[in-house]
Amino acid sequence: MAPHPLVGKEAPSFTLLDANGESFKFPPEEGGERVNKPIAVFFYPQSGTFGCTREACQFRDALAENEIFKRSNVQVIGISADPVEKQKSFVQKNHLSFPVLSDQDHVAHKAFQVGRGMFGLTDARTTFAIDNAGIVRGVLSATMNYNAHAKFVTRELEKIQESQKKTGEQPGEGAGEQQQARPATPEAPASSPERDELGRVAGAVSA
């Protein structure tokens, strides 16, 4: 599979509303300048569903417990097409410690070229690892495998850190590779929670 078109390129910019209804500009800035830290942007299908809740909580826990997350001071950002009110409830219920943005018009989805998942029933679950210079280093698109995304960011942060240690190499040099999880097949069916997730999303789409 060909790598995602954004790998090795500067991450697109956009402005969305966060869970509090306030404008959130990407890439985030501090003192009028882009933050000098890696960023993990994860697009997910729907707030409140089993898999998306598990994924968001894994990122929450990684920020508090994972050494490479803490050492790199990575900025995690979650994005879905849910309205602001639903994002606020999602953040509060799960005590999420990072921005969760509402992209009802798919502005960021289109900018980051996020496709469709679950046989076209929903937005794909896609995570982007971006280095300190704003360059996309790796992309994981795995809609059914919600457990893979925080682990993917861990690996990419380790690669970014190693890159920064090399003499003469800047943080933005050297693009990572896209990783793509294979969809479930009859020979390798999805686990029970994942089947439940598919059923819930399919029901929501058809409602």
# chains A, B, ... in the order shown; residues from 1 in each chain; ligands from 1
call {"tool": "residues_around", "arguments": {"residues": "stretch 156-167 of chain A", "least_positions_apart": "5", "cutoff": "12 Å", "atoms": "only C-alpha atoms", "output": "ChimeraX atom specification"}}
result
/A:37-40,66-76,127-140,149-151,172-179
call {"tool": "write_last_selection", "arguments": {"atoms": "N, CA, C and O atoms", "output": "short mmCIF file (atom, residue, chain, number, x, y, z; two decimals), in the first residue's frame"}}
result
data_model
loop_
_atom_site.label_atom_id
_atom_site.label_comp_id
_atom_site.auth_asym_id
_atom_site.auth_seq_id
_atom_site.Cartn_x
_atom_site.Cartn_y
_atom_site.Cartn_z
N LYS A 37 6.87 21.05 19.86
CA LYS A 37 6.65 19.74 20.45
C LYS A 37 5.99 18.84 19.41
O LYS A 37 5.34 19.34 18.47
N PRO A 38 6.14 17.54 19.53
CA PRO A 38 5.42 16.66 18.60
C PRO A 38 3.93 16.71 18.87
O PRO A 38 3.48 17.04 19.97
N ILE A 39 3.15 16.37 17.84
CA ILE A 39 1.69 16.40 17.94
C ILE A 39 1.13 15.08 17.41
O ILE A 39 1.59 14.58 16.37
N ALA A 40 0.18 14.53 18.12
CA ALA A 40 -0.55 13.35 17.65
C ALA A 40 -2.00 13.75 17.42
O ALA A 40 -2.69 14.14 18.36
N ASN A 66 2.67 7.03 30.22
CA ASN A 66 3.67 6.57 29.26
C ASN A 66 4.88 7.51 29.28
O ASN A 66 4.76 8.72 29.08
N GLU A 67 6.07 6.94 29.50
CA GLU A 67 7.28 7.76 29.65
C GLU A 67 7.61 8.58 28.41
O GLU A 67 7.99 9.73 28.51
N ILE A 68 7.47 7.99 27.22
CA ILE A 68 7.82 8.73 26.01
C ILE A 68 6.80 9.84 25.75
O ILE A 68 7.15 10.92 25.25
N PHE A 69 5.54 9.62 26.11
CA PHE A 69 4.54 10.69 26.00
C PHE A 69 4.91 11.85 26.91
O PHE A 69 4.85 13.02 26.51
N LYS A 70 5.29 11.54 28.14
CA LYS A 70 5.62 12.59 29.11
C LYS A 70 6.94 13.26 28.74
O LYS A 70 7.05 14.49 28.82
N ARG A 71 7.93 12.49 28.35
CA ARG A 71 9.25 13.04 28.05
C ARG A 71 9.22 13.95 26.81
O ARG A 71 9.88 14.99 26.77
N SER A 72 8.44 13.58 25.82
CA SER A 72 8.37 14.36 24.58
C SER A 72 7.43 15.56 24.69
O SER A 72 7.45 16.45 23.84
N ASN A 73 6.57 15.56 25.74
CA ASN A 73 5.58 16.62 25.92
C ASN A 73 4.65 16.71 24.71
O ASN A 73 4.25 17.79 24.27
N VAL A 74 4.30 15.55 24.15
CA VAL A 74 3.48 15.49 22.95
C VAL A 74 2.10 16.12 23.19
O VAL A 74 1.52 15.99 24.26
N GLN A 75 1.61 16.82 22.19
CA GLN A 75 0.25 17.38 22.22
C GLN A 75 -0.68 16.41 21.50
O GLN A 75 -0.52 16.14 20.32
N VAL A 76 -1.65 15.88 22.21
CA VAL A 76 -2.64 14.96 21.62
C VAL A 76 -3.91 15.75 21.30
O VAL A 76 -4.38 16.56 22.11
N THR A 127 -4.73 8.11 12.57
CA THR A 127 -3.88 8.87 13.48
C THR A 127 -2.63 9.37 12.75
O THR A 127 -2.00 8.61 12.00
N PHE A 128 -2.28 10.63 13.01
CA PHE A 128 -1.12 11.25 12.39
C PHE A 128 -0.10 11.60 13.47
O PHE A 128 -0.44 12.24 14.47
N ALA A 129 1.15 11.20 13.26
CA ALA A 129 2.25 11.57 14.15
C ALA A 129 3.04 12.69 13.47
O ALA A 129 3.54 12.52 12.35
N ILE A 130 3.13 13.83 14.14
CA ILE A 130 3.75 15.03 13.57
C ILE A 130 4.92 15.45 14.45
O ILE A 130 4.80 15.49 15.68
N ASP A 131 6.06 15.73 13.85
CA ASP A 131 7.24 16.06 14.66
C ASP A 131 7.27 17.52 15.08
O ASP A 131 6.35 18.30 14.79
N ASN A 132 8.33 17.91 15.78
CA ASN A 132 8.44 19.27 16.33
C ASN A 132 8.43 20.36 15.27
O ASN A 132 8.05 21.50 15.55
N ALA A 133 8.83 20.01 14.06
CA ALA A 133 8.87 20.98 12.97
C ALA A 133 7.58 21.03 12.18
O ALA A 133 7.47 21.78 11.21
N GLY A 134 6.58 20.23 12.56
CA GLY A 134 5.31 20.25 11.87
C GLY A 134 5.21 19.31 10.69
O GLY A 134 4.26 19.40 9.91
N ILE A 135 6.18 18.38 10.57
CA ILE A 135 6.20 17.43 9.46
C ILE A 135 5.50 16.13 9.87
O ILE A 135 5.78 15.58 10.94
N VAL A 136 4.62 15.65 9.01
CA VAL A 136 3.95 14.37 9.27
C VAL A 136 4.96 13.24 9.11
O VAL A 136 5.52 13.03 8.03
N ARG A 137 5.20 12.51 10.20
CA ARG A 137 6.20 11.45 10.17
C ARG A 137 5.60 10.07 9.95
O ARG A 137 6.27 9.17 9.45
N GLY A 138 4.36 9.87 10.34
CA GLY A 138 3.74 8.56 10.16
C GLY A 138 2.24 8.66 10.26
O GLY A 138 1.70 9.58 10.88
N VAL A 139 1.54 7.72 9.61
CA VAL A 139 0.09 7.69 9.60
C VAL A 139 -0.38 6.26 9.81
O VAL A 139 0.14 5.33 9.18
N LEU A 140 -1.35 6.09 10.67
CA LEU A 140 -1.97 4.78 10.88
C LEU A 140 -3.46 4.91 10.59
O LEU A 140 -4.16 5.70 11.21
N HIS A 149 -3.79 2.59 18.12
CA HIS A 149 -3.40 3.96 17.81
C HIS A 149 -2.47 4.60 18.85
O HIS A 149 -1.49 5.26 18.48
N ALA A 150 -2.74 4.43 20.12
CA ALA A 150 -1.83 4.97 21.14
C ALA A 150 -0.47 4.27 21.06
O ALA A 150 0.58 4.90 21.25
N LYS A 151 -0.49 2.96 20.76
CA LYS A 151 0.77 2.22 20.62
C LYS A 151 1.54 2.72 19.40
O LYS A 151 2.78 2.83 19.44
N GLY A 172 12.50 17.84 11.77
CA GLY A 172 11.56 17.62 10.68
C GLY A 172 12.09 16.73 9.58
O GLY A 172 11.38 16.46 8.62
N GLU A 173 13.33 16.26 9.67
CA GLU A 173 13.93 15.48 8.60
C GLU A 173 13.60 14.01 8.77
O GLU A 173 13.53 13.48 9.87
N GLY A 174 13.40 13.33 7.63
CA GLY A 174 13.19 11.90 7.66
C GLY A 174 11.75 11.53 7.96
O GLY A 174 11.31 11.59 9.09
N ALA A 175 11.00 11.16 6.96
CA ALA A 175 9.59 10.85 7.18
C ALA A 175 9.41 9.40 7.54
O ALA A 175 10.10 8.52 7.05
N GLY A 176 8.46 9.15 8.41
CA GLY A 176 8.13 7.79 8.79
C GLY A 176 7.27 7.15 7.73
O GLY A 176 6.92 7.74 6.71
N GLU A 177 6.88 5.90 7.94
CA GLU A 177 6.08 5.17 7.00
C GLU A 177 4.67 5.02 7.51
O GLU A 177 4.44 4.93 8.70
N GLN A 178 3.73 4.99 6.57
CA GLN A 178 2.34 4.76 6.96
C GLN A 178 2.18 3.32 7.35
O GLN A 178 2.81 2.42 6.79
N GLN A 179 1.34 3.08 8.35
CA GLN A 179 0.99 1.72 8.72
C GLN A 179 -0.49 1.56 8.47
O GLN A 179 -1.29 2.42 8.80
#
call {"tool": "closest_atom_pairs", "arguments": {"of": "stretch 77-188 of chain A", "to": "stretch 45-54 of chain A", "cutoff": "12 Å", "atoms": "only C-alpha atoms", "output": "tab-separated table"}}
result
residue	atom	partner	partner_atom	distance
A:Gly78	CA	A:Ser47	CA	10.0
A:Ile79	CA	A:Pro45	CA	8.7
A:Ser80	CA	A:Pro45	CA	6.0
A:Ala81	CA	A:Gln46	CA	7.2
A:Asp82	CA	A:Gln46	CA	6.6
A:Pro83	CA	A:Ser47	CA	9.6
A:Val84	CA	A:Ser47	CA	10.7
A:Glu85	CA	A:Ser47	CA	10.8
A:Lys86	CA	A:Ser47	CA	7.2
A:Gln87	CA	A:Ser47	CA	6.8
A:Lys88	CA	A:Ser47	CA	9.9
A:Ser89	CA	A:Gly48	CA	8.9
A:Phe90	CA	A:Gly48	CA	6.3
A:Val91	CA	A:Ser47	CA	9.2
A:Gln92	CA	A:Gly48	CA	11.4
A:Lys93	CA	A:Gly48	CA	9.3
A:Asn94	CA	A:Thr53	CA	7.8
A:His95	CA	A:Thr53	CA	11.0
A:Leu96	CA	A:Thr53	CA	10.1
A:Val100	CA	A:Ser47	CA	9.7
A:Leu101	CA	A:Ser47	CA	10.7
A:Ser102	CA	A:Ser47	CA	10.2
A:Asp103	CA	A:Pro45	CA	11.0
A:Gln104	CA	A:Gln46	CA	11.3
A:His106	CA	A:Pro45	CA	11.7
A:His109	CA	A:Pro45	CA	11.0
A:Val114	CA	A:Pro45	CA	10.8
A:Gly115	CA	A:Pro45	CA	10.8
A:Arg116	CA	A:Pro45	CA	9.1
A:Gly117	CA	A:Pro45	CA	8.4
A:Met118	CA	A:Pro45	CA	9.6
A:Gly120	CA	A:Pro45	CA	11.3
A:Leu121	CA	A:Pro45	CA	9.6
A:Thr122	CA	A:Pro45	CA	6.1
A:Asp123	CA	A:Pro45	CA	5.1
A:Ala124	CA	A:Pro45	CA	6.3
A:Arg125	CA	A:Pro45	CA	6.1
A:Thr126	CA	A:Pro45	CA	9.2
A:Thr127	CA	A:Pro45	CA	11.8
A:Ser141	CA	A:Pro45	CA	11.8
A:Ala142	CA	A:Pro45	CA	11.1
A:Thr143	CA	A:Pro45	CA	8.0
A:Met144	CA	A:Gly51	CA	7.9
A:Asn145	CA	A:Gly51	CA	8.2
A:Tyr146	CA	A:Gly51	CA	5.7
A:Asn147	CA	A:Arg54	CA	7.4
A:Ala148	CA	A:Arg54	CA	10.7
A:His149	CA	A:Arg54	CA	10.5
A:Ala150	CA	A:Arg54	CA	10.4
call {"tool": "atom_distance", "arguments": {"atom1": "atom CA of A:Phe42", "atom2": "atom CA of A:Phe112"}}
result
10.7 Å
call {"tool": "select_by_dssp", "arguments": {"residues": "stretch 21-200 of chain A", "states": "strand (DSSP E)", "output": "ChimeraX atom specification"}}
result
/A:23-26,29-30,33-34,39-43,75-80,100-102,116-117,122-123,126-130,136-141,179-180
call {"tool": "write_last_selection", "arguments": {"atoms": "N, CA and C atoms", "output": "short mmCIF file (atom, residue, chain, number, x, y, z; two decimals), in the first residue's frame"}}
result
data_model
loop_
_atom_site.label_atom_id
_atom_site.label_comp_id
_atom_site.auth_asym_id
_atom_site.auth_seq_id
_atom_site.Cartn_x
_atom_site.Cartn_y
_atom_site.Cartn_z
N SER A 23 -12.72 28.53 19.58
CA SER A 23 -11.91 28.26 18.39
C SER A 23 -10.56 27.67 18.76
N PHE A 24 -10.20 26.62 18.05
CA PHE A 24 -8.90 25.97 18.25
C PHE A 24 -8.16 26.01 16.93
N LYS A 25 -7.03 26.69 16.94
CA LYS A 25 -6.23 26.83 15.73
C LYS A 25 -5.16 25.74 15.66
N PHE A 26 -5.06 25.09 14.50
CA PHE A 26 -4.01 24.09 14.29
C PHE A 26 -3.11 24.55 13.15
N GLU A 29 -0.38 27.21 18.89
CA GLU A 29 0.70 28.19 19.07
C GLU A 29 0.85 28.56 20.54
N GLU A 30 2.05 28.99 20.87
CA GLU A 30 2.35 29.54 22.19
C GLU A 30 3.16 30.81 21.98
N GLU A 33 3.88 31.73 18.28
CA GLU A 33 4.71 30.83 17.48
C GLU A 33 4.22 29.39 17.64
N ARG A 34 4.44 28.59 16.60
CA ARG A 34 4.04 27.19 16.64
C ARG A 34 4.71 26.48 17.81
N ILE A 39 3.15 16.37 17.84
CA ILE A 39 1.69 16.40 17.94
C ILE A 39 1.13 15.08 17.41
N ALA A 40 0.18 14.53 18.12
CA ALA A 40 -0.55 13.35 17.65
C ALA A 40 -2.00 13.75 17.42
N VAL A 41 -2.44 13.68 16.18
CA VAL A 41 -3.82 14.00 15.83
C VAL A 41 -4.54 12.70 15.49
N PHE A 42 -5.57 12.36 16.26
CA PHE A 42 -6.30 11.14 15.93
C PHE A 42 -7.75 11.46 15.55
N PHE A 43 -8.10 11.06 14.34
CA PHE A 43 -9.46 11.17 13.84
C PHE A 43 -10.18 9.87 14.20
N GLN A 75 1.61 16.82 22.19
CA GLN A 75 0.25 17.38 22.22
C GLN A 75 -0.68 16.41 21.50
N VAL A 76 -1.65 15.88 22.21
CA VAL A 76 -2.64 14.96 21.62
C VAL A 76 -3.91 15.75 21.30
N ILE A 77 -4.47 15.49 20.13
CA ILE A 77 -5.70 16.17 19.70
C ILE A 77 -6.63 15.14 19.08
N GLY A 78 -7.86 15.07 19.56
CA GLY A 78 -8.85 14.18 19.00
C GLY A 78 -9.84 14.95 18.15
N ILE A 79 -10.27 14.34 17.03
CA ILE A 79 -11.19 15.01 16.11
C ILE A 79 -12.24 14.02 15.60
N SER A 80 -13.50 14.43 15.64
CA SER A 80 -14.57 13.66 15.00
C SER A 80 -15.60 14.64 14.46
N VAL A 100 -10.54 17.98 22.27
CA VAL A 100 -11.36 17.17 21.39
C VAL A 100 -12.17 18.15 20.53
N LEU A 101 -11.99 18.06 19.22
CA LEU A 101 -12.54 19.07 18.32
C LEU A 101 -13.73 18.55 17.52
N SER A 102 -14.61 19.48 17.18
CA SER A 102 -15.80 19.16 16.40
C SER A 102 -15.57 19.54 14.94
N ARG A 116 -12.90 6.95 4.40
CA ARG A 116 -14.02 6.28 5.05
C ARG A 116 -13.59 4.90 5.55
N GLY A 117 -14.25 4.45 6.62
CA GLY A 117 -13.96 3.14 7.18
C GLY A 117 -15.24 2.35 7.35
N THR A 122 -18.67 4.97 7.86
CA THR A 122 -18.29 6.02 8.79
C THR A 122 -16.92 6.59 8.42
N ASP A 123 -16.52 7.67 9.09
CA ASP A 123 -15.18 8.21 8.88
C ASP A 123 -14.15 7.21 9.38
N THR A 126 -8.09 7.31 11.94
CA THR A 126 -6.77 7.58 11.37
C THR A 126 -5.98 8.49 12.31
N THR A 127 -4.73 8.11 12.57
CA THR A 127 -3.88 8.87 13.48
C THR A 127 -2.63 9.37 12.75
N PHE A 128 -2.28 10.63 13.01
CA PHE A 128 -1.12 11.25 12.39
C PHE A 128 -0.10 11.60 13.47
N ALA A 129 1.15 11.20 13.26
CA ALA A 129 2.25 11.57 14.15
C ALA A 129 3.04 12.69 13.47
N ILE A 130 3.13 13.83 14.14
CA ILE A 130 3.75 15.03 13.57
C ILE A 130 4.92 15.45 14.45
N VAL A 136 4.62 15.65 9.01
CA VAL A 136 3.95 14.37 9.27
C VAL A 136 4.96 13.24 9.11
N ARG A 137 5.20 12.51 10.20
CA ARG A 137 6.20 11.45 10.17
C ARG A 137 5.60 10.07 9.95
N GLY A 138 4.36 9.87 10.34
CA GLY A 138 3.74 8.56 10.16
C GLY A 138 2.24 8.66 10.26
N VAL A 139 1.54 7.72 9.61
CA VAL A 139 0.09 7.69 9.60
C VAL A 139 -0.38 6.26 9.81
N LEU A 140 -1.35 6.09 10.67
CA LEU A 140 -1.97 4.78 10.88
C LEU A 140 -3.46 4.91 10.59
N SER A 141 -3.94 4.13 9.63
CA SER A 141 -5.37 4.07 9.34
C SER A 141 -5.85 2.66 9.67
N GLN A 179 1.34 3.08 8.35
CA GLN A 179 0.99 1.72 8.72
C GLN A 179 -0.49 1.56 8.47
N GLN A 180 -0.88 0.43 7.89
CA GLN A 180 -2.27 0.17 7.55
C GLN A 180 -2.67 -1.18 8.09
#
call {"tool": "closest_residue", "arguments": {"among": "A:Ala111, A:Cys57, A:Leu63, A:Ala19", "to": "A:Pro99", "atoms": "only C-alpha atoms"}}
result
A:Ala19
